[in-house]
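Data first, discussion second: the structure below is written as structure tokens.
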Amino acid sequence: MANRAGSSSSRMETLHEEDDYDSYGAESGWVEAKTHCDHLPSLSSDLTHIPIPSTPCNRCQHPIENWICLSCKLVLCSRFVNKHMLEHYQQTTHSIALSFSDLSVWCFACDSYLDAQLIQQLRPFHETAYILKFGQAPPFRPVESSRVDDKPAMDVPSSS
């Protein structure tokens, strides 16, 4: 369960080969991110200080594959390096982290990726990290409204 956490989508194929991953869509090489998470109340409310994406791991100083804890904003390396973010979750239960590699968001407690564009509480973190990484605001996709029926309404003859 938690030993699968900390991977970025750039390593998704490796993730599927290493683990018996049963998330929806995993067999095709993609995983559908959740649009709800019960662990969102643990997010930090302070967006004034978010480390830049090139920040090394706080414990081993590894320069890549690092994640930021969205509770305490500590930067630690992924499971593909020295597993420091996974250890942080296990020691603190800070469950939500953002990958500086691909800006994906992972919830260790849910054992799932979270959709940072559709979950309103994650958008500020994602947008700030995106701006720090690319120097411009992210191109958020519009939220699609759910339609029950795509067919046009039929005219009903009036009875006179």
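Chains: A, B, ... in order of the structure tokens. Residues: from 1 per chain. Ligands: from 1, in order shown.
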
Please list as a JSON list (two decimals) with N, CA, C and O atoms, in the first residue's frame every residue within 9 Å of Cys77 in chain A, counting only C-alpha atoms and excluding residues in the same chain fewer than 2 positions away.
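Result went into around-v3.json, see below:
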[["chain", "number", "residue", "atom", "x", "y", "z"],
["A", 6, "GLY", "N", 4.72, 7.91, -3.55],
["A", 6, "GLY", "CA", 5.91, 8.70, -3.80],
["A", 6, "GLY", "C", 6.40, 8.63, -5.22],
["A", 6, "GLY", "O", 7.40, 9.21, -5.55],
["A", 56, "PRO", "N", 16.52, 20.57, -3.23],
["A", 56, "PRO", "CA", 16.92, 19.17, -3.00],
["A", 56, "PRO", "C", 16.21, 18.57, -1.80],
["A", 56, "PRO", "O", 15.63, 19.29, -0.98],
["A", 57, "CYS", "N", 16.28, 17.27, -1.69],
["A", 57, "CYS", "CA", 15.72, 16.55, -0.54],
["A", 57, "CYS", "C", 16.33, 17.10, 0.75],
["A", 57, "CYS", "O", 17.55, 17.26, 0.85],
["A", 58, "ASN", "N", 15.49, 17.37, 1.72],
["A", 58, "ASN", "CA", 15.93, 17.93, 2.99],
["A", 58, "ASN", "C", 16.83, 16.98, 3.77],
["A", 58, "ASN", "O", 17.64, 17.43, 4.57],
["A", 59, "ARG", "N", 16.72, 15.68, 3.53],
["A", 59, "ARG", "CA", 17.52, 14.71, 4.29],
["A", 59, "ARG", "C", 18.78, 14.26, 3.56],
["A", 59, "ARG", "O", 19.83, 14.16, 4.17],
["A", 60, "CYS", "N", 18.69, 13.95, 2.27],
["A", 60, "CYS", "CA", 19.86, 13.40, 1.56],
["A", 60, "CYS", "C", 20.43, 14.35, 0.51],
["A", 60, "CYS", "O", 21.42, 14.02, -0.13],
["A", 61, "GLN", "N", 19.78, 15.49, 0.30],
["A", 61, "GLN", "CA", 20.21, 16.50, -0.67],
["A", 61, "GLN", "C", 20.14, 16.03, -2.12],
["A", 61, "GLN", "O", 20.74, 16.65, -3.00],
["A", 62, "HIS", "N", 19.42, 14.95, -2.40],
["A", 62, "HIS", "CA", 19.27, 14.49, -3.79],
["A", 62, "HIS", "C", 18.53, 15.57, -4.57],
["A", 62, "HIS", "O", 17.53, 16.11, -4.11],
["A", 63, "PRO", "N", 19.01, 15.91, -5.77],
["A", 63, "PRO", "CA", 18.46, 17.06, -6.50],
["A", 63, "PRO", "C", 17.19, 16.80, -7.33],
["A", 63, "PRO", "O", 16.55, 17.75, -7.75],
["A", 64, "ILE", "N", 16.83, 15.54, -7.59],
["A", 64, "ILE", "CA", 15.66, 15.28, -8.45],
["A", 64, "ILE", "C", 14.70, 14.27, -7.80],
["A", 64, "ILE", "O", 15.04, 13.65, -6.81],
["A", 65, "GLU", "N", 13.53, 14.12, -8.42],
["A", 65, "GLU", "CA", 12.47, 13.22, -7.93],
["A", 65, "GLU", "C", 12.06, 13.58, -6.51],
["A", 65, "GLU", "O", 11.88, 12.72, -5.66],
["A", 66, "ASN", "N", 11.90, 14.89, -6.26],
["A", 66, "ASN", "CA", 11.53, 15.35, -4.93],
["A", 66, "ASN", "C", 10.07, 15.77, -4.87],
["A", 66, "ASN", "O", 9.49, 16.17, -5.87],
["A", 67, "TRP", "N", 9.51, 15.65, -3.68],
["A", 67, "TRP", "CA", 8.12, 15.96, -3.41],
["A", 67, "TRP", "C", 8.06, 16.99, -2.29],
["A", 67, "TRP", "O", 8.92, 17.01, -1.42],
["A", 68, "ILE", "N", 7.00, 17.81, -2.29],
["A", 68, "ILE", "CA", 6.77, 18.74, -1.19],
["A", 68, "ILE", "C", 5.56, 18.25, -0.41],
["A", 68, "ILE", "O", 4.51, 17.94, -0.98],
["A", 75, "VAL", "N", 10.52, 19.35, 1.80],
["A", 75, "VAL", "CA", 10.85, 18.74, 0.52],
["A", 75, "VAL", "C", 11.68, 17.49, 0.77],
["A", 75, "VAL", "O", 12.73, 17.55, 1.41],
["A", 79, "ARG", "N", 10.19, 7.56, -3.64],
["A", 79, "ARG", "CA", 10.52, 6.15, -3.39],
["A", 79, "ARG", "C", 11.53, 5.63, -4.38],
["A", 79, "ARG", "O", 12.14, 4.60, -4.16],
["A", 80, "PHE", "N", 11.74, 6.34, -5.48],
["A", 80, "PHE", "CA", 12.72, 5.93, -6.47],
["A", 80, "PHE", "C", 14.13, 6.40, -6.12],
["A", 80, "PHE", "O", 15.08, 6.07, -6.81],
["A", 81, "VAL", "N", 14.24, 7.19, -5.05],
["A", 81, "VAL", "CA", 15.55, 7.66, -4.61],
["A", 81, "VAL", "C", 15.83, 7.02, -3.26],
["A", 81, "VAL", "O", 16.31, 5.89, -3.21],
["A", 82, "ASN", "N", 15.49, 7.70, -2.17],
["A", 82, "ASN", "CA", 15.75, 7.15, -0.83],
["A", 82, "ASN", "C", 14.49, 7.03, 0.04],
["A", 82, "ASN", "O", 14.59, 6.82, 1.25],
["A", 83, "LYS", "N", 13.33, 7.24, -0.56],
["A", 83, "LYS", "CA", 12.03, 7.05, 0.10],
["A", 83, "LYS", "C", 11.81, 7.97, 1.30],
["A", 83, "LYS", "O", 11.07, 7.64, 2.22],
["A", 84, "HIS", "N", 12.42, 9.15, 1.31],
["A", 84, "HIS", "CA", 12.28, 10.03, 2.46],
["A", 84, "HIS", "C", 10.87, 10.60, 2.61],
["A", 84, "HIS", "O", 10.40, 10.81, 3.73],
["A", 85, "MET", "N", 10.15, 10.85, 1.49],
["A", 85, "MET", "CA", 8.78, 11.34, 1.62],
["A", 85, "MET", "C", 7.88, 10.25, 2.17],
["A", 85, "MET", "O", 7.01, 10.52, 3.01],
["A", 86, "LEU", "N", 8.07, 9.04, 1.75],
["A", 86, "LEU", "CA", 7.30, 7.92, 2.29],
["A", 86, "LEU", "C", 7.56, 7.78, 3.80],
["A", 86, "LEU", "O", 6.62, 7.62, 4.58]]

- Task: May I have the residues within 12 Å of Ile50 in chain A as a ChimeraX atom specification, using only C-alpha atoms and disregarding those fewer than 4 positions away in the same chain?
- Result: /A:44-46,54-55,67-75,98,100,124-133

If you keep N, CA, C and O atoms, can you produce a file of those selected residues as a tab-separated table (two decimals), in the first residue's frame?
chain	number	residue	atom	x	y	z
A	44	SER	N	-1.68	22.67	4.41
A	44	SER	CA	-1.22	23.93	4.98
A	44	SER	C	-2.04	25.07	4.38
A	44	SER	O	-2.39	25.04	3.20
A	45	SER	N	-2.34	26.06	5.18
A	45	SER	CA	-3.08	27.21	4.67
A	45	SER	C	-2.13	28.32	4.23
A	45	SER	O	-2.55	29.30	3.64
A	46	ASP	N	-0.84	28.17	4.51
A	46	ASP	CA	0.16	29.19	4.19
A	46	ASP	C	0.78	28.93	2.83
A	46	ASP	O	1.53	27.97	2.65
A	54	SER	N	13.40	23.16	-7.74
A	54	SER	CA	14.76	22.59	-7.77
A	54	SER	C	15.33	22.35	-6.37
A	54	SER	O	16.49	21.97	-6.24
A	55	THR	N	14.50	22.54	-5.35
A	55	THR	CA	14.96	22.31	-3.97
A	55	THR	C	15.33	20.85	-3.78
A	55	THR	O	14.55	19.96	-4.11
A	67	TRP	N	9.51	15.65	-3.68
A	67	TRP	CA	8.12	15.96	-3.41
A	67	TRP	C	8.06	16.99	-2.29
A	67	TRP	O	8.92	17.01	-1.42
A	68	ILE	N	7.00	17.81	-2.29
A	68	ILE	CA	6.77	18.74	-1.19
A	68	ILE	C	5.56	18.25	-0.41
A	68	ILE	O	4.51	17.94	-0.98
A	69	CYS	N	5.73	18.15	0.91
A	69	CYS	CA	4.62	17.78	1.79
A	69	CYS	C	3.68	18.98	1.83
A	69	CYS	O	4.10	20.10	2.11
A	70	LEU	N	2.41	18.76	1.53
A	70	LEU	CA	1.46	19.87	1.49
A	70	LEU	C	0.87	20.20	2.86
A	70	LEU	O	0.01	21.06	2.97
A	71	SER	N	1.37	19.53	3.90
A	71	SER	CA	0.99	19.88	5.27
A	71	SER	C	2.04	20.79	5.91
A	71	SER	O	1.71	21.83	6.46
A	72	CYS	N	3.32	20.39	5.80
A	72	CYS	CA	4.39	21.16	6.46
A	72	CYS	C	5.39	21.77	5.48
A	72	CYS	O	6.30	22.48	5.89
A	73	LYS	N	5.25	21.49	4.20
A	73	LYS	CA	6.07	22.02	3.10
A	73	LYS	C	7.53	21.58	3.13
A	73	LYS	O	8.40	22.22	2.56
A	74	LEU	N	7.78	20.46	3.75
A	74	LEU	CA	9.11	19.87	3.75
A	74	LEU	C	9.34	19.19	2.39
A	74	LEU	O	8.43	18.54	1.86
A	75	VAL	N	10.52	19.35	1.80
A	75	VAL	CA	10.85	18.74	0.52
A	75	VAL	C	11.68	17.49	0.77
A	75	VAL	O	12.73	17.55	1.41
A	98	LEU	N	3.05	16.88	-3.25
A	98	LEU	CA	3.09	17.27	-4.66
A	98	LEU	C	4.47	16.97	-5.22
A	98	LEU	O	5.48	17.32	-4.59
A	100	PHE	N	7.57	17.55	-7.51
A	100	PHE	CA	8.19	18.62	-8.28
A	100	PHE	C	8.59	18.15	-9.67
A	100	PHE	O	8.86	18.95	-10.54
A	124	PRO	N	-4.40	26.05	-5.53
A	124	PRO	CA	-3.38	27.06	-5.20
A	124	PRO	C	-1.98	26.47	-5.11
A	124	PRO	O	-1.02	27.09	-5.58
A	125	PHE	N	-1.84	25.29	-4.53
A	125	PHE	CA	-0.53	24.64	-4.43
A	125	PHE	C	-0.01	24.29	-5.82
A	125	PHE	O	1.15	24.55	-6.15
A	126	HIS	N	-0.88	23.69	-6.62
A	126	HIS	CA	-0.49	23.29	-7.97
A	126	HIS	C	-0.11	24.51	-8.80
A	126	HIS	O	0.92	24.53	-9.49
A	127	GLU	N	-0.92	25.56	-8.74
A	127	GLU	CA	-0.66	26.77	-9.53
A	127	GLU	C	0.65	27.44	-9.09
A	127	GLU	O	1.46	27.83	-9.94
A	128	THR	N	0.89	27.53	-7.79
A	128	THR	CA	2.13	28.14	-7.29
A	128	THR	C	3.35	27.34	-7.74
A	128	THR	O	4.33	27.91	-8.23
A	129	ALA	N	3.28	26.01	-7.61
A	129	ALA	CA	4.40	25.16	-8.04
A	129	ALA	C	4.62	25.27	-9.54
A	129	ALA	O	5.75	25.32	-10.02
A	130	TYR	N	3.53	25.35	-10.31
A	130	TYR	CA	3.63	25.48	-11.77
A	130	TYR	C	4.31	26.80	-12.15
A	130	TYR	O	5.20	26.82	-13.00
A	131	ILE	N	3.90	27.87	-11.49
A	131	ILE	CA	4.50	29.18	-11.78
A	131	ILE	C	5.99	29.17	-11.42
A	131	ILE	O	6.82	29.67	-12.18
A	132	LEU	N	6.34	28.58	-10.28
A	132	LEU	CA	7.74	28.50	-9.89
A	132	LEU	C	8.56	27.66	-10.86
A	132	LEU	O	9.73	27.94	-11.11
A	133	LYS	N	7.94	26.63	-11.42
A	133	LYS	CA	8.66	25.73	-12.33
A	133	LYS	C	8.74	26.27	-13.75
A	133	LYS	O	9.77	26.16	-14.41

- Message: Calculated over only C-alpha atoms, which of the candidates A:Ile119, A:Ala137, A:Leu43, A:Ile52 has the smallest distance to Ser99 in chain A?
- Response: A:Ile52

- Item | Distance in Å - CA of Pro51 in chain A versus CA of Leu118 in chain A | 23.1 Å

- Residue nearest Phe108 in chain A - candidates A:Pro139, A:Cys37, A:Phe134, A:Leu122, atoms counted: only C-alpha atoms: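 Under the stated criterion, the closest residue is A:Cys37.
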
- Message: Between CA of Thr93 in chain A and CA of Ala33 in chain A, what is the distance in Å, rounded to a tenth?
- Response: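 Taking CA of Thr93 in chain A as the start and CA of Ala33 in chain A as the end point, the length is 20.5 Å.
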